[in-house]
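Enquirer: So here's input17.pdb (PDB, C-alpha atoms, pLDDT in the B column).
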MODEL        1
ATOM      1  CA  MET U   1      19.233  10.907  30.459  1.00 58.00           C
ATOM      2  CA  ALA U   2      15.789  11.963  29.187  1.00 63.00           C
ATOM      3  CA  GLU U   3      17.364  13.226  25.974  1.00 67.00           C
ATOM      4  CA  ARG U   4      19.114   9.869  25.375  1.00 63.00           C
ATOM      5  CA  THR U   5      15.809   8.048  25.907  1.00 65.00           C
ATOM      6  CA  ARG U   6      14.088  10.417  23.494  1.00 66.00           C
ATOM      7  CA  ASP U   7      16.878   9.883  20.926  1.00 80.00           C
ATOM      8  CA  ALA U   8      16.598   6.107  21.336  1.00 78.00           C
ATOM      9  CA  ARG U   9      12.836   6.268  20.782  1.00 86.00           C
ATOM     10  CA  LYS U  10      13.334   8.449  17.704  1.00 89.00           C
ATOM     11  CA  ALA U  11      15.912   6.024  16.307  1.00 89.00           C
ATOM     12  CA  LYS U  12      13.636   3.040  16.956  1.00 93.00           C
ATOM     13  CA  GLN U  13      10.714   4.799  15.248  1.00 93.00           C
ATOM     14  CA  ALA U  14      12.909   5.765  12.287  1.00 94.00           C
ATOM     15  CA  ILE U  15      13.959   2.128  11.936  1.00 96.00           C
ATOM     16  CA  LEU U  16      10.350   0.950  12.145  1.00 95.00           C
ATOM     17  CA  ASP U  17       9.274   3.535   9.547  1.00 96.00           C
ATOM     18  CA  ALA U  18      12.119   2.403   7.282  1.00 96.00           C
ATOM     19  CA  ALA U  19      11.085  -1.241   7.667  1.00 96.00           C
ATOM     20  CA  ILE U  20       7.520  -0.386   6.700  1.00 96.00           C
ATOM     21  CA  ALA U  21       8.741   1.622   3.697  1.00 96.00           C
ATOM     22  CA  GLU U  22      10.920  -1.301   2.584  1.00 95.00           C
ATOM     23  CA  LEU U  23       8.013  -3.737   2.980  1.00 94.00           C
ATOM     24  CA  CYS U  24       5.773  -1.414   0.947  1.00 94.00           C
ATOM     25  CA  ALA U  25       8.367  -1.374  -1.822  1.00 94.00           C
ATOM     26  CA  SER U  26       9.315  -5.070  -1.954  1.00 91.00           C
ATOM     27  CA  ASP U  27       8.163  -8.528  -0.997  1.00 85.00           C
ATOM     28  CA  SER U  28       9.119  -9.261   2.623  1.00 85.00           C
ATOM     29  CA  SER U  29      11.245 -12.216   1.529  1.00 86.00           C
ATOM     30  CA  THR U  30      13.604  -9.816  -0.254  1.00 89.00           C
ATOM     31  CA  VAL U  31      13.785  -7.106   2.430  1.00 92.00           C
ATOM     32  CA  THR U  32      16.974  -7.273   4.470  1.00 93.00           C
ATOM     33  CA  VAL U  33      17.998  -5.800   7.794  1.00 95.00           C
ATOM     34  CA  GLU U  34      20.780  -4.044   5.899  1.00 96.00           C
ATOM     35  CA  ALA U  35      18.264  -2.342   3.588  1.00 95.00           C
ATOM     36  CA  VAL U  36      16.227  -1.184   6.590  1.00 95.00           C
ATOM     37  CA  ALA U  37      19.385   0.115   8.268  1.00 94.00           C
ATOM     38  CA  LYS U  38      20.409   2.003   5.131  1.00 95.00           C
ATOM     39  CA  ARG U  39      16.950   3.528   4.641  1.00 95.00           C
ATOM     40  CA  SER U  40      16.778   4.602   8.299  1.00 94.00           C
ATOM     41  CA  ASN U  41      20.335   6.019   8.250  1.00 94.00           C
ATOM     42  CA  HIS U  42      21.281   3.808  11.184  1.00 93.00           C
ATOM     43  CA  ALA U  43      23.743   0.980  11.591  1.00 93.00           C
ATOM     44  CA  LYS U  44      22.596  -2.610  11.231  1.00 94.00           C
ATOM     45  CA  GLY U  45      23.727  -3.175  14.818  1.00 94.00           C
ATOM     46  CA  LEU U  46      21.315  -0.496  16.057  1.00 92.00           C
ATOM     47  CA  VAL U  47      18.439  -2.108  14.125  1.00 93.00           C
ATOM     48  CA  LEU U  48      19.228  -5.417  15.820  1.00 93.00           C
ATOM     49  CA  TYR U  49      19.695  -3.725  19.187  1.00 93.00           C
ATOM     50  CA  HIS U  50      16.140  -2.380  19.030  1.00 93.00           C
ATOM     51  CA  PHE U  51      14.455  -5.367  17.365  1.00 94.00           C
ATOM     52  CA  LYS U  52      16.824  -8.308  18.055  1.00 93.00           C
ATOM     53  CA  THR U  53      15.855 -10.228  14.890  1.00 94.00           C
ATOM     54  CA  LYS U  54      14.463  -9.632  11.430  1.00 93.00           C
ATOM     55  CA  ARG U  55      11.357 -11.532  12.530  1.00 93.00           C
ATOM     56  CA  ALA U  56      10.832  -9.227  15.515  1.00 94.00           C
ATOM     57  CA  LEU U  57      11.283  -6.187  13.279  1.00 94.00           C
ATOM     58  CA  PHE U  58       8.761  -7.464  10.723  1.00 95.00           C
ATOM     59  CA  GLU U  59       6.270  -8.488  13.407  1.00 95.00           C
ATOM     60  CA  THR U  60       6.444  -5.003  14.888  1.00 95.00           C
ATOM     61  CA  ALA U  61       6.082  -3.503  11.407  1.00 95.00           C
ATOM     62  CA  GLY U  62       3.065  -5.738  10.753  1.00 95.00           C
ATOM     63  CA  ARG U  63       1.411  -4.584  13.970  1.00 96.00           C
ATOM     64  CA  ALA U  64       2.089  -0.943  13.079  1.00 96.00           C
ATOM     65  CA  LEU U  65       0.608  -1.495   9.617  1.00 95.00           C
ATOM     66  CA  ALA U  66      -2.421  -3.141  11.233  1.00 96.00           C
ATOM     67  CA  ILE U  67      -3.050  -0.052  13.367  1.00 96.00           C
ATOM     68  CA  SER U  68      -2.708   2.232  10.360  1.00 96.00           C
ATOM     69  CA  ARG U  69      -5.029   0.047   8.273  1.00 96.00           C
ATOM     70  CA  ALA U  70      -7.587  -0.116  11.083  1.00 96.00           C
ATOM     71  CA  ASP U  71      -7.679   3.677  11.239  1.00 97.00           C
ATOM     72  CA  ARG U  72      -7.960   4.033   7.443  1.00 96.00           C
ATOM     73  CA  TRP U  73     -10.704   1.443   7.032  1.00 97.00           C
ATOM     74  CA  THR U  74     -12.713   2.518  10.054  1.00 97.00           C
ATOM     75  CA  ALA U  75     -12.726   6.105   8.784  1.00 96.00           C
ATOM     76  CA  ALA U  76     -13.764   4.951   5.300  1.00 96.00           C
ATOM     77  CA  PHE U  77     -16.786   3.123   6.689  1.00 95.00           C
ATOM     78  CA  LYS U  78     -18.046   6.296   8.390  1.00 94.00           C
ATOM     79  CA  ALA U  79     -20.173   7.632   5.581  1.00 90.00           C
ATOM     80  CA  ASN U  80     -23.434   9.450   4.993  1.00 89.00           C
ATOM     81  CA  THR U  81     -24.878   6.599   2.924  1.00 88.00           C
ATOM     82  CA  PRO U  82     -23.936   2.992   2.130  1.00 88.00           C
ATOM     83  CA  PRO U  83     -22.955   3.977  -1.445  1.00 91.00           C
ATOM     84  CA  ASP U  84     -20.613   6.608   0.052  1.00 94.00           C
ATOM     85  CA  ALA U  85     -19.074   3.900   2.252  1.00 94.00           C
ATOM     86  CA  ILE U  86     -18.559   1.687  -0.788  1.00 94.00           C
ATOM     87  CA  ASP U  87     -16.866   4.566  -2.636  1.00 96.00           C
ATOM     88  CA  GLN U  88     -14.721   5.513   0.352  1.00 97.00           C
ATOM     89  CA  THR U  89     -13.606   1.944   0.983  1.00 97.00           C
ATOM     90  CA  TRP U  90     -12.816   1.517  -2.721  1.00 97.00           C
ATOM     91  CA  THR U  91     -10.622   4.599  -2.454  1.00 97.00           C
ATOM     92  CA  VAL U  92      -8.769   3.091   0.535  1.00 97.00           C
ATOM     93  CA  LEU U  93      -8.406  -0.202  -1.295  1.00 96.00           C
ATOM     94  CA  THR U  94      -6.858   1.428  -4.358  1.00 96.00           C
ATOM     95  CA  GLN U  95      -4.658   3.695  -2.203  1.00 96.00           C
ATOM     96  CA  GLU U  96      -3.307   0.659  -0.356  1.00 96.00           C
ATOM     97  CA  SER U  97      -2.572  -1.029  -3.669  1.00 95.00           C
ATOM     98  CA  ASN U  98      -0.809   2.068  -5.002  1.00 95.00           C
ATOM     99  CA  ASP U  99       1.174   3.020  -1.893  1.00 95.00           C
ATOM    100  CA  GLY U 100       2.482  -0.487  -1.227  1.00 95.00           C
ATOM    101  CA  VAL U 101       0.482  -1.217   1.928  1.00 96.00           C
ATOM    102  CA  ALA U 102      -1.398  -4.024   0.167  1.00 95.00           C
ATOM    103  CA  LEU U 103       1.909  -5.519  -0.994  1.00 94.00           C
ATOM    104  CA  ALA U 104       3.387  -5.301   2.492  1.00 94.00           C
ATOM    105  CA  TRP U 105       0.281  -6.829   4.069  1.00 95.00           C
ATOM    106  CA  ALA U 106       0.048  -9.681   1.544  1.00 93.00           C
ATOM    107  CA  SER U 107       3.739 -10.358   1.850  1.00 92.00           C
ATOM    108  CA  LEU U 108       3.723 -10.382   5.658  1.00 92.00           C
ATOM    109  CA  LEU U 109       0.684 -12.678   5.809  1.00 91.00           C
ATOM    110  CA  GLY U 110       1.632 -14.837   2.825  1.00 88.00           C
ATOM    111  CA  PRO U 111       3.144 -18.317   2.704  1.00 86.00           C
ATOM    112  CA  ASN U 112       6.740 -17.062   2.435  1.00 82.00           C
ATOM    113  CA  SER U 113       6.403 -14.698   5.362  1.00 84.00           C
ATOM    114  CA  SER U 114       9.212 -14.437   7.853  1.00 83.00           C
ATOM    115  CA  ILE U 115       6.888 -13.670  10.767  1.00 90.00           C
ATOM    116  CA  SER U 116       5.487 -16.312  13.078  1.00 91.00           C
ATOM    117  CA  ASP U 117       2.241 -18.124  12.336  1.00 92.00           C
ATOM    118  CA  ARG U 118       0.895 -16.772  15.612  1.00 93.00           C
ATOM    119  CA  VAL U 119       1.414 -13.164  14.495  1.00 94.00           C
ATOM    120  CA  VAL U 120       0.042 -13.891  11.004  1.00 93.00           C
ATOM    121  CA  LYS U 121      -3.114 -15.218  12.658  1.00 94.00           C
ATOM    122  CA  GLU U 122      -3.242 -12.227  15.035  1.00 95.00           C
ATOM    123  CA  LEU U 123      -2.971  -9.744  12.160  1.00 96.00           C
ATOM    124  CA  ALA U 124      -5.495 -11.520   9.933  1.00 96.00           C
ATOM    125  CA  GLU U 125      -8.029 -11.888  12.749  1.00 97.00           C
ATOM    126  CA  GLY U 126      -7.459  -8.297  13.824  1.00 97.00           C
ATOM    127  CA  PHE U 127      -8.124  -6.915  10.346  1.00 97.00           C
ATOM    128  CA  ALA U 128     -11.248  -9.055   9.943  1.00 97.00           C
ATOM    129  CA  GLY U 129     -12.395  -7.837  13.362  1.00 98.00           C
ATOM    130  CA  VAL U 130     -11.903  -4.196  12.388  1.00 97.00           C
ATOM    131  CA  LEU U 131     -13.859  -4.652   9.175  1.00 97.00           C
ATOM    132  CA  GLY U 132     -16.598  -6.594  10.958  1.00 97.00           C
ATOM    133  CA  GLN U 133     -17.023  -3.880  13.575  1.00 97.00           C
ATOM    134  CA  ALA U 134     -16.914  -1.066  11.013  1.00 96.00           C
ATOM    135  CA  GLY U 135     -19.445  -2.877   8.839  1.00 95.00           C
ATOM    136  CA  PHE U 136     -21.766  -3.514  11.765  1.00 94.00           C
ATOM    137  CA  ASP U 137     -21.502   0.127  12.812  1.00 94.00           C
ATOM    138  CA  LEU U 138     -22.351   1.214   9.262  1.00 93.00           C
ATOM    139  CA  PHE U 139     -25.472  -0.936   9.102  1.00 92.00           C
ATOM    140  CA  GLU U 140     -26.502   0.086  12.603  1.00 92.00           C
ATOM    141  CA  ALA U 141     -26.167   3.781  11.699  1.00 91.00           C
ATOM    142  CA  PHE U 142     -28.774   3.246   8.989  1.00 89.00           C
ATOM    143  CA  GLY U 143     -31.142   1.321  11.247  1.00 90.00           C
ATOM    144  CA  THR U 144     -30.544  -2.099   9.770  1.00 91.00           C
ATOM    145  CA  THR U 145     -29.333  -5.370  11.201  1.00 91.00           C
ATOM    146  CA  LEU U 146     -27.515  -8.219   9.530  1.00 93.00           C
ATOM    147  CA  THR U 147     -28.364 -11.883   9.144  1.00 95.00           C
ATOM    148  CA  VAL U 148     -24.740 -12.804   9.939  1.00 96.00           C
ATOM    149  CA  ASP U 149     -22.720 -12.087  13.053  1.00 95.00           C
ATOM    150  CA  ARG U 150     -19.904  -9.547  13.293  1.00 96.00           C
ATOM    151  CA  ASP U 151     -17.147 -12.163  12.887  1.00 97.00           C
ATOM    152  CA  GLU U 152     -18.705 -13.628   9.758  1.00 97.00           C
ATOM    153  CA  LEU U 153     -19.123 -10.164   8.274  1.00 97.00           C
ATOM    154  CA  GLY U 154     -15.515  -9.332   9.124  1.00 97.00           C
ATOM    155  CA  TRP U 155     -14.143 -12.429   7.417  1.00 98.00           C
ATOM    156  CA  LEU U 156     -16.374 -11.833   4.396  1.00 97.00           C
ATOM    157  CA  LEU U 157     -15.222  -8.217   4.034  1.00 97.00           C
ATOM    158  CA  SER U 158     -11.595  -9.149   4.686  1.00 97.00           C
ATOM    159  CA  SER U 159     -11.774 -11.804   1.967  1.00 97.00           C
ATOM    160  CA  ILE U 160     -13.253  -9.321  -0.486  1.00 97.00           C
ATOM    161  CA  VAL U 161     -10.603  -6.695   0.281  1.00 97.00           C
ATOM    162  CA  THR U 162      -7.725  -9.180   0.172  1.00 95.00           C
ATOM    163  CA  GLY U 163      -8.904 -10.676  -3.110  1.00 96.00           C
ATOM    164  CA  ILE U 164      -9.427  -7.342  -4.832  1.00 96.00           C
ATOM    165  CA  GLU U 165      -6.066  -6.035  -3.575  1.00 95.00           C
ATOM    166  CA  ALA U 166      -4.332  -9.170  -4.875  1.00 94.00           C
ATOM    167  CA  ALA U 167      -5.974  -8.676  -8.259  1.00 96.00           C
ATOM    168  CA  LEU U 168      -4.946  -5.001  -8.333  1.00 95.00           C
ATOM    169  CA  LEU U 169      -1.364  -5.941  -7.407  1.00 93.00           C
ATOM    170  CA  SER U 170      -1.293  -8.461 -10.255  1.00 94.00           C
ATOM    171  CA  GLY U 171      -2.190  -5.708 -12.724  1.00 95.00           C
ATOM    172  CA  ALA U 172      -5.859  -6.524 -13.293  1.00 96.00           C
ATOM    173  CA  ASP U 173      -8.044  -3.811 -14.790  1.00 95.00           C
ATOM    174  CA  SER U 174      -9.033  -1.370 -12.031  1.00 94.00           C
ATOM    175  CA  GLU U 175     -12.346  -0.425 -13.650  1.00 95.00           C
ATOM    176  CA  ALA U 176     -13.443  -4.059 -13.933  1.00 95.00           C
ATOM    177  CA  LEU U 177     -12.394  -4.679 -10.348  1.00 96.00           C
ATOM    178  CA  ASN U 178     -14.358  -1.653  -9.191  1.00 96.00           C
ATOM    179  CA  GLY U 179     -17.430  -3.265 -10.743  1.00 96.00           C
ATOM    180  CA  ALA U 180     -16.629  -6.562  -9.030  1.00 96.00           C
ATOM    181  CA  TYR U 181     -16.140  -4.753  -5.717  1.00 96.00           C
ATOM    182  CA  THR U 182     -19.510  -3.026  -6.063  1.00 95.00           C
ATOM    183  CA  ALA U 183     -21.139  -6.363  -6.921  1.00 95.00           C
ATOM    184  CA  ALA U 184     -19.566  -7.935  -3.831  1.00 96.00           C
ATOM    185  CA  TRP U 185     -21.086  -5.133  -1.777  1.00 94.00           C
ATOM    186  CA  LEU U 186     -24.488  -5.899  -3.273  1.00 93.00           C
ATOM    187  CA  GLY U 187     -24.044  -9.346  -1.786  1.00 94.00           C
ATOM    188  CA  VAL U 188     -23.118  -7.850   1.572  1.00 94.00           C
ATOM    189  CA  LEU U 189     -26.105  -5.486   1.443  1.00 91.00           C
ATOM    190  CA  SER U 190     -28.395  -8.447   0.784  1.00 93.00           C
ATOM    191  CA  LEU U 191     -27.505  -9.653   4.281  1.00 93.00           C
ATOM    192  CA  ALA U 192     -29.252  -6.615   5.798  1.00 89.00           C
ATOM    193  CA  ARG U 193     -32.787  -6.432   7.090  1.00 86.00           C
ATOM    194  CA  SER U 194     -34.693  -3.418   8.367  1.00 76.00           C
TER     195      SER U 194
ENDMDL
END
Show the structure stored in the file as structure tokens.
Expert:
Amino acid sequence: MAERTRDARKAKQAILDAAIAELCASDSSTVTVEAVAKRSNHAKGLVLYHFKTKRALFETAGRALAISRADRWTAAFKANTPPDAIDQTWTVLTQESNDGVALAWASLLGPNSSISDRVVKELAEGFAGVLGQAGFDLFEAFGTTLTVDRDELGWLLSSIVTGIEAALLSGADSEALNGAYTAAWLGVLSLARS
């Protein structure tokens, strides 16, 4: 019995991993349950057994992506200096654009998303909250405070990240965007006081 439960968990995780891989490769509106089943080497019926609907599968994938992004971004903010944090977060931003995470995120939270508005809001607020906390922790580590609250900082940083990722996905010049990202950080740093 324990082995069957373990096998079921492994199958469910393989399906979830396949869904995330599909979302990182294509817009969510074009990803099908059949494609996820094929990528995971499981039958479509097993995908629907574990997730019931495409929406449930994508909502679970979105939450898994949110956890992964939270870990990546939180780690990037832990730096020896603010310029190091800017460099490390730029690296995460470009990695997410290159590995498809930015595409998956934009697609799941975009206007043609197949997930519920409630989950879109949950994911967007969660990411802004992670960035707000990481940003506050960064400033606190260097003995500074901010003139905005954590939520405002989170939404500001989330907007910067989302905008730059969208520009990178559209093929904009990475070097120019790096300059824009650094300039945006100058604006964020101007919110600090000793």
Enquirer: Taking the point (15.8, 1.9, 20.4) as given in the file, collect each protein or nucleic acid residue that comes within 9 Å of it, counting only C-alpha atoms, and present the set as a count of residues only.
Expert: 14
Enquirer: Given the point (-3.7, 3.8, 2.2) in the file's coordinates, find the residues that have an atom at most 12 Å from it, counting only C-alpha atoms, and give them as an NGL selection string.
Expert: :U and (24 or 65-73 or 75-76 or 88-105 or 165)
Enquirer: When the PyMOL selection byres ((chain U and resi 60) around 10) is applied to the file above, which residues end up in the set, as a PyMOL selection string?
Expert: chain U and resi 16+19-20+51+54-59+61-66+115+119
Enquirer: Between CA of Thr145 (chain U) and CA of Ala192 (chain U), what is the distance in Å, rounded to a tenth?
Expert: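 Separating CA of Thr145 (chain U) from CA of Ala192 (chain U) is a distance of 5.5 Å.
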Enquirer: On this structure, the PyMOL selection byres ((chain U and resi 158) around 10) would catch which residues? List them as a ChimeraX atom specification, sorted by chain and number.
Expert: /U:124-125,127-132,152-157,159-164
Enquirer: What does the structure give for the distance between CA of Glu22 (chain U) and CA of Ser170 (chain U), in Å to one decimal?
Expert: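 So the answer is 19.1 Å.
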